[in-house]
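Shown next: target.txt, given as compact mmCIF, C-alpha atoms and all ligand atoms.
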# COMPACT_ATOMS: atom_id res chain seq x y z
CA MET A 16 63.24 52.44 -14.04
CA PRO A 17 60.69 54.15 -16.32
CA GLU A 18 57.96 51.91 -17.62
CA SER A 19 58.93 52.58 -21.23
CA GLU A 20 62.46 51.29 -20.55
CA GLN A 21 61.08 48.27 -18.76
CA ILE A 22 59.02 47.43 -21.84
CA ILE A 23 61.96 47.90 -24.18
CA ILE A 24 64.10 45.62 -22.05
CA GLU A 25 61.44 42.92 -21.89
CA ARG A 26 61.06 43.03 -25.68
CA LEU A 27 64.81 42.87 -26.21
CA LEU A 28 65.07 39.90 -23.87
CA ALA A 29 62.28 38.23 -25.81
CA GLY A 30 64.36 38.71 -28.96
CA ASP A 31 62.04 41.23 -30.62
CA GLU A 32 63.90 42.31 -33.76
CA THR A 33 61.84 45.41 -34.49
CA THR A 34 62.53 46.80 -31.04
CA PHE A 35 66.20 46.04 -31.37
CA GLU A 36 66.46 47.65 -34.78
CA SER A 37 64.83 50.81 -33.54
CA ILE A 38 66.86 51.06 -30.33
CA PHE A 39 70.07 50.32 -32.25
CA SER A 40 69.37 53.15 -34.71
CA GLN A 41 68.25 55.50 -31.96
CA HIS A 42 71.51 55.26 -30.03
CA TYR A 43 73.81 54.73 -33.00
CA ALA A 44 75.00 58.33 -33.52
CA LEU A 45 76.03 58.82 -29.92
CA MET A 46 77.59 55.39 -29.58
CA PHE A 47 79.50 56.03 -32.78
CA SER A 48 80.87 59.35 -31.59
CA VAL A 49 81.99 57.84 -28.28
CA ALA A 50 83.65 54.85 -29.98
CA GLN A 51 85.23 57.05 -32.61
CA SER A 52 86.57 59.54 -30.07
CA ILE A 53 88.26 56.83 -28.06
CA ALA A 54 89.43 54.32 -30.65
CA GLY A 55 89.19 55.99 -34.06
CA THR A 56 86.80 55.82 -36.98
CA ALA A 57 88.11 52.62 -38.54
CA ILE A 58 86.96 50.30 -35.77
CA ALA A 59 84.06 52.33 -34.37
CA ASP A 60 81.38 50.13 -35.95
CA GLU A 61 83.00 46.93 -34.69
CA ILE A 62 83.15 48.41 -31.21
CA ILE A 63 79.47 49.31 -31.30
CA GLN A 64 78.60 45.75 -32.31
CA GLU A 65 80.73 44.26 -29.57
CA ALA A 66 79.25 46.69 -27.08
CA TRP A 67 75.73 45.65 -28.08
CA ILE A 68 76.58 41.98 -27.71
CA SER A 69 77.95 42.65 -24.20
CA ALA A 70 74.92 44.77 -23.40
CA LEU A 71 72.47 42.09 -24.54
CA ARG A 72 74.30 39.51 -22.43
CA ALA A 73 74.21 41.77 -19.38
CA LEU A 74 70.65 42.95 -19.98
CA PRO A 75 68.92 40.42 -17.71
CA LYS A 76 70.92 41.91 -14.84
CA PHE A 77 70.20 45.54 -15.76
CA GLU A 78 68.62 47.09 -12.69
CA GLY A 79 67.83 50.52 -14.00
CA ARG A 80 70.09 52.38 -11.56
CA SER A 81 71.10 54.54 -14.53
CA SER A 82 69.14 55.21 -17.69
CA LEU A 83 69.46 52.62 -20.43
CA LYS A 84 71.18 55.22 -22.60
CA SER A 85 73.77 56.06 -19.97
CA TRP A 86 74.36 52.35 -19.31
CA LEU A 87 74.91 51.71 -23.02
CA MET A 88 77.36 54.61 -23.29
CA ARG A 89 79.39 53.26 -20.42
CA ILE A 90 79.57 49.87 -22.10
CA VAL A 91 80.62 51.32 -25.46
CA ALA A 92 83.24 53.56 -23.79
CA ASN A 93 84.72 50.59 -21.94
CA GLU A 94 84.70 48.44 -25.05
CA ALA A 95 86.42 51.21 -27.00
CA LYS A 96 89.11 51.59 -24.33
CA THR A 97 89.78 47.85 -24.36
CA ARG A 98 90.00 47.77 -28.12
CA ARG A 99 92.28 50.79 -28.21
CA ARG A 100 94.71 48.98 -25.93
CA LYS A 101 94.52 45.82 -28.01
CA GLU A 102 95.18 47.68 -31.23
CA SER A 103 97.91 49.54 -29.29
CA ARG A 104 97.00 52.71 -31.01
CA SER A 105 99.27 55.42 -29.69
CA VAL A 106 96.84 57.91 -28.32
CA SER A 107 97.99 59.94 -25.39
CA LEU A 108 95.15 61.08 -23.23
CA GLU A 109 96.07 64.70 -22.87
CA SER A 110 98.39 64.99 -25.81
CA MET A 111 97.33 68.48 -26.70
CA GLN A 112 99.33 71.12 -24.91
CA ASP A 113 97.09 73.10 -22.64
CA ASN A 114 97.61 76.72 -23.44
CA TRP A 115 94.72 78.17 -21.46
CA SER A 116 97.14 79.71 -18.94
CA THR A 117 99.01 81.60 -21.66
CA ASP A 118 96.02 82.30 -23.87
CA PRO A 119 96.90 85.22 -26.18
CA ARG A 120 93.28 86.34 -26.28
CA PHE A 121 93.69 87.79 -22.77
CA ASP A 122 95.96 90.53 -21.45
CA GLY A 123 98.12 90.52 -18.31
CA VAL A 124 95.15 91.08 -16.00
CA SER A 125 93.05 88.45 -17.78
CA HIS A 126 90.76 90.81 -19.61
CA TRP A 127 89.93 90.39 -23.28
CA LYS A 128 92.71 91.68 -25.49
CA ASP A 129 91.40 89.98 -28.59
CA PRO A 130 87.71 89.25 -28.05
CA SER A 131 85.77 87.11 -30.51
CA SER A 132 84.22 88.79 -33.52
CA GLN A 133 80.59 89.32 -34.43
CA TRP A 134 79.38 86.14 -36.16
CA HIS A 135 77.20 86.05 -39.23
CA GLY A 136 74.85 83.30 -38.19
CA ASP A 137 72.98 83.05 -34.96
CA THR A 138 71.64 79.51 -35.13
CA PRO A 139 73.57 76.22 -35.44
CA GLU A 140 71.83 75.63 -38.78
CA ASP A 141 73.11 78.99 -40.09
CA LEU A 142 76.65 78.20 -39.06
CA LEU A 143 76.67 74.66 -40.42
CA SER A 144 75.13 75.70 -43.74
CA ALA A 145 78.70 76.58 -44.71
CA SER A 146 80.05 73.12 -45.51
CA GLU A 147 83.66 74.34 -45.17
CA LEU A 148 82.92 75.34 -41.60
CA ARG A 149 81.22 72.04 -40.87
CA ASP A 150 84.27 70.15 -42.16
CA CYS A 151 86.59 72.45 -40.28
CA ILE A 152 84.77 71.91 -36.97
CA GLY A 153 84.78 68.15 -37.56
CA LYS A 154 88.51 68.11 -38.27
CA ASN A 155 89.30 70.16 -35.20
CA ILE A 156 87.09 68.14 -32.88
CA GLU A 157 88.97 65.09 -34.16
CA LYS A 158 92.22 66.62 -32.89
CA LEU A 159 90.95 67.29 -29.37
CA PRO A 160 92.09 65.09 -26.49
CA GLU A 161 89.93 62.00 -26.18
CA ASN A 162 88.27 62.91 -22.88
CA GLN A 163 87.29 66.35 -24.15
CA LYS A 164 85.68 64.84 -27.22
CA VAL A 165 83.80 62.18 -25.32
CA ALA A 166 82.66 64.66 -22.66
CA MET A 167 81.33 67.06 -25.32
CA ASN A 168 79.61 64.28 -27.21
CA LEU A 169 77.89 62.88 -24.16
CA ARG A 170 76.89 66.27 -22.80
CA ASP A 171 76.11 68.43 -25.84
CA THR A 172 75.05 65.77 -28.32
CA GLY A 173 73.72 63.12 -25.95
CA GLY A 174 72.29 65.38 -23.27
CA LEU A 175 73.48 63.07 -20.48
CA SER A 176 73.63 64.54 -16.99
CA MET A 177 76.91 65.69 -15.45
CA ASP A 178 76.72 62.84 -12.91
CA GLU A 179 76.20 60.24 -15.59
CA ILE A 180 79.19 61.49 -17.57
CA CYS A 181 81.44 61.57 -14.49
CA ASN A 182 80.50 57.97 -13.94
CA ILE A 183 81.21 56.96 -17.54
CA LEU A 184 84.56 58.75 -17.77
CA ASN A 185 85.61 58.19 -14.16
CA VAL A 186 86.34 61.85 -13.57
CA THR A 187 85.26 64.34 -10.91
CA GLN A 188 82.71 67.09 -11.53
CA SER A 189 85.41 69.74 -11.55
CA ASN A 190 87.51 67.75 -14.04
CA LEU A 191 84.48 67.35 -16.24
CA ARG A 192 83.80 71.09 -16.13
CA VAL A 193 87.34 71.76 -17.32
CA LEU A 194 87.06 69.15 -20.10
CA LEU A 195 83.79 70.67 -21.33
CA HIS A 196 85.05 74.23 -21.14
CA ARG A 197 88.28 73.46 -23.04
CA GLY A 198 86.54 71.45 -25.73
CA ARG A 199 83.76 73.95 -26.33
CA ASP A 200 86.15 76.89 -26.17
CA LYS A 201 88.31 75.26 -28.85
CA VAL A 202 85.29 74.77 -31.13
CA LEU A 203 84.22 78.36 -30.44
CA GLN A 204 87.67 79.59 -31.51
CA VAL A 205 87.50 77.49 -34.67
CA ILE A 206 84.14 79.05 -35.57
CA ASP A 207 85.42 82.52 -34.73
CA HIS A 208 88.49 82.09 -36.90
CA PHE A 209 86.32 80.95 -39.78
CA GLU A 210 83.94 83.87 -39.29
CA ARG A 211 86.85 86.31 -39.42
CA THR A 212 88.84 84.84 -42.28
CA GLY A 213 86.50 82.56 -44.20
CA GLU A 214 89.18 79.89 -43.81
CA CYS A 215 89.64 76.87 -41.62
CA MET B 23 88.92 91.32 -6.55
CA LEU B 24 85.17 91.71 -6.35
CA ILE B 25 84.41 91.16 -10.01
CA PRO B 26 86.04 88.14 -11.71
CA SER B 27 88.31 88.65 -14.70
CA CYS B 28 87.08 87.97 -18.23
CA LYS B 29 89.10 84.79 -18.29
CA GLU B 30 87.45 83.47 -15.13
CA VAL B 31 84.08 84.47 -16.53
CA ALA B 32 84.80 82.61 -19.76
CA GLU B 33 85.38 79.44 -17.73
CA GLN B 34 82.31 79.96 -15.59
CA LEU B 35 80.08 80.47 -18.62
CA SER B 36 80.60 76.92 -19.78
CA GLU B 37 80.00 75.67 -16.24
CA ASN B 38 76.87 77.81 -16.02
CA MET B 39 75.34 76.05 -19.04
CA ASP B 40 75.60 72.68 -17.32
CA LYS B 41 74.67 73.77 -13.83
CA PRO B 42 73.75 77.36 -13.03
CA VAL B 43 76.42 79.14 -11.03
CA THR B 44 74.67 80.36 -7.88
CA GLY B 45 75.35 82.36 -4.73
CA ILE B 46 78.01 85.03 -4.59
CA ARG B 47 79.82 83.55 -7.63
CA GLY B 48 76.61 83.73 -9.63
CA LEU B 49 76.06 87.31 -8.57
CA ARG B 50 79.58 88.33 -9.57
CA LEU B 51 79.17 86.55 -12.87
CA LYS B 52 75.95 88.47 -13.59
CA LEU B 53 77.57 91.73 -12.57
CA HIS B 54 80.51 91.12 -14.87
CA LEU B 55 78.27 90.26 -17.81
CA TRP B 56 76.29 93.37 -17.16
CA VAL B 57 79.30 95.63 -17.63
CA CYS B 58 81.36 93.63 -20.15
CA ARG B 59 80.20 93.47 -23.74
CA ASN B 60 82.98 91.08 -24.78
CA CYS B 61 81.95 88.48 -22.23
CA ARG B 62 78.30 88.87 -23.16
CA ARG B 63 79.22 88.05 -26.72
CA TYR B 64 81.38 85.12 -25.57
CA HIS B 65 78.41 83.90 -23.53
CA ASP B 66 76.08 83.90 -26.55
CA GLN B 67 78.73 82.26 -28.71
CA MET B 68 79.41 79.58 -26.11
CA GLU B 69 75.73 78.61 -26.12
CA LEU B 70 75.64 78.62 -29.90
CA THR B 71 78.80 76.51 -30.01
CA SER B 72 77.29 73.92 -27.70
CA LYS B 73 74.16 73.70 -29.89
CA THR B 74 76.33 73.45 -32.99
CA ILE B 75 78.30 70.55 -31.51
CA ALA B 76 74.97 68.88 -30.72
CA LEU B 77 73.75 69.30 -34.28
CA MET B 78 77.03 68.04 -35.77
CA GLY B 79 76.92 64.76 -33.92
CA SER B 80 73.25 63.94 -33.99
CA ASN B 81 72.52 62.86 -37.54
CA LYS B 82 74.83 59.92 -38.13
CA GLN B 83 72.99 56.74 -39.09
CA PRO B 84 74.37 53.22 -39.51
CA SER B 85 75.06 52.05 -43.04
CA GLU B 86 72.76 49.33 -44.38
CA ALA B 87 75.63 46.83 -44.21
CA VAL B 88 76.37 47.60 -40.56
CA LYS B 89 72.70 47.38 -39.69
CA LYS B 90 72.28 44.05 -41.47
CA ASP B 91 75.34 42.64 -39.76
CA MET B 92 74.13 43.81 -36.38
CA MET B 93 70.69 42.26 -36.90
CA GLU B 94 72.33 38.94 -37.73
CA ARG B 95 74.37 39.10 -34.57
CA PHE B 96 71.24 39.91 -32.60
CA ARG B 97 69.60 36.77 -34.01
CA ASP B 98 72.70 34.71 -33.18
CA ALA B 99 72.80 36.07 -29.64
CA LYS B 100 69.18 35.05 -29.28
CA THR B 101 69.90 31.51 -30.49
CA ASP B 102 72.93 31.26 -28.16
CA SER B 103 70.97 32.28 -25.13
CA GLY B 104 68.25 29.83 -26.16
CA LYS B 105 70.84 27.02 -26.22
CA GLU B 106 72.18 28.04 -22.83
CA SER B 107 68.81 27.95 -21.17
CA ALA B 108 68.05 24.61 -22.87
CA ALA B 109 71.26 23.20 -21.38
CA ASP B 110 70.39 24.35 -17.88
ZN ZN C 1 84.59 90.36 -19.45

Before we go any further, please render this structure as structure tokens.
Ligand SMILES: [Zn+2]
Amino acid sequence: MPESEQIIIERLLAGDETTFESIFSQHYALMFSVAQSIAGTAIADEIIQEAWISALRALPKFEGRSSLKSWLMRIVANEAKTRRRKESRSVSLESMQDNWSTDPRFDGVSHWKDPSSQWHGDTPEDLLSASELRDCIGKNIEKLPENQKVAMNLRDTGGLSMDEICNILNVTQSNLRVLLHRGRDKVLQVIDHFERTGEC
Amino acid sequence: MLIPSCKEVAEQLSENMDKPVTGIRGLRLKLHLWVCRNCRRYHDQMELTSKTIALMGSNKQPSEAVKKDMMERFRDAKTDSGKESAAD
């Protein structure tokens, strides 16, 4: 394991509060998005806390076979899945109908019939400067199937490797590719619709 | 068919961001992008979308209350483990 991680772990084990506060804040956004995607916003913070308690207990046995970040994400994902079952929240894993095979954007020979439009902004900051679009993307990500959301969060937001994510979600590389493609493509369509109509 | 359809290309473009598509598939992908303006645009938009998703999710910070609560639990966990080792 990298020396910097080794030091962090030693400090955490020694009960160093400053180190904990900084590492907690550093991983909070990603842990929150994973917990939220799996179990909903209402209990996301509780899940993060429980995950940290489990992580701190298991820390003496952490061997550094994965990065600390990836290890933490696996713990929070597992905690969220357990909590979701306990709260018996009715979330079906692939509830959204997959319409990629009958996608109206393509014609009979799978060429673009209705290609995406020219967008106004060409940086993420440009796009998100429109608060309506930001809200709209957020709302639509919320509606995606859980695995798509978590995969996108871990990959695009968290920058975890494909292998690490497969391990966290228990899916194959090819499944993960499909999850990422579907999720990103949905967000792309949401942006495109907004760019065309100015509406969500 | 030698050159993949736009729909196949659209799928491969996401894949290509995570792990470059190589070999004959990579070559066909390049060839398709070269001749198809719509897929080139989709390619650029796919990359922009991925960066936008990254930006959306990266700025959330814990509320003061959550942070305070967590710090207390960290202190408790410390005390607990102290007790355990004392009992050993
Ligand atoms: Zn094309």

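Near chain B, counting only C-alpha atoms at 7 Å, the chain A residues are Gly30, Ser40, Tyr43, Ala44, Gln64, Ser125, His126, Trp127, Pro130, Ser131, Thr138, Pro139, Asp171, Thr172, Arg192, His196, Arg199, Val202 and Leu203 of chain A.
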
| Separation of CA of Ala166 (chain A) from CA of Ala95 (chain A) in Å | 14.6 Å

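When all atoms listed in the file are used to compute distances to ligand ZN 1 (chain C), the closest of the residues A:Lys164, A:Lys128, A:Lys96, A:His42 turns out to be A:Lys128.
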
| task | For region 182-185 of chain A, work out the shell of residues within 9 Å, counting all atoms listed in the file and skipping chain neighbours fewer than 5 positions away, then give it as a PyMOL selection string. | result | chain A and resi 85-86+88-90+92-93+162+165-166+177+191

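Atom pair CA of Glu61 (chain A) / CA of Glu36 (chain A) has a distance of 16.6 Å (rounded to one decimal).
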
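As for CA of Gln188 (chain A) and CA of Met46 (chain A), they are spaced 22.1 Å apart.
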
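Ranking A:Leu148, A:Val124, A:Ser81, A:Arg170 by their shortest atom-to-atom distance to ligand ZN 1 (chain C), with only C-alpha atoms and all ligand atoms included, puts A:Val124 first.
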
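If only C-alpha atoms and all ligand atoms are the atoms counted, then among A:Asp122, A:Asp141, A:Glu20, A:Glu179 the closest residue to ligand ZN 1 (chain C) is A:Asp122.
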
| Which of these residues is nearest to ligand ZN 1 (chain C), using all atoms listed in the file: A:Ser69, A:Ile23, A:Glu18, A:Arg120? | A:Arg120
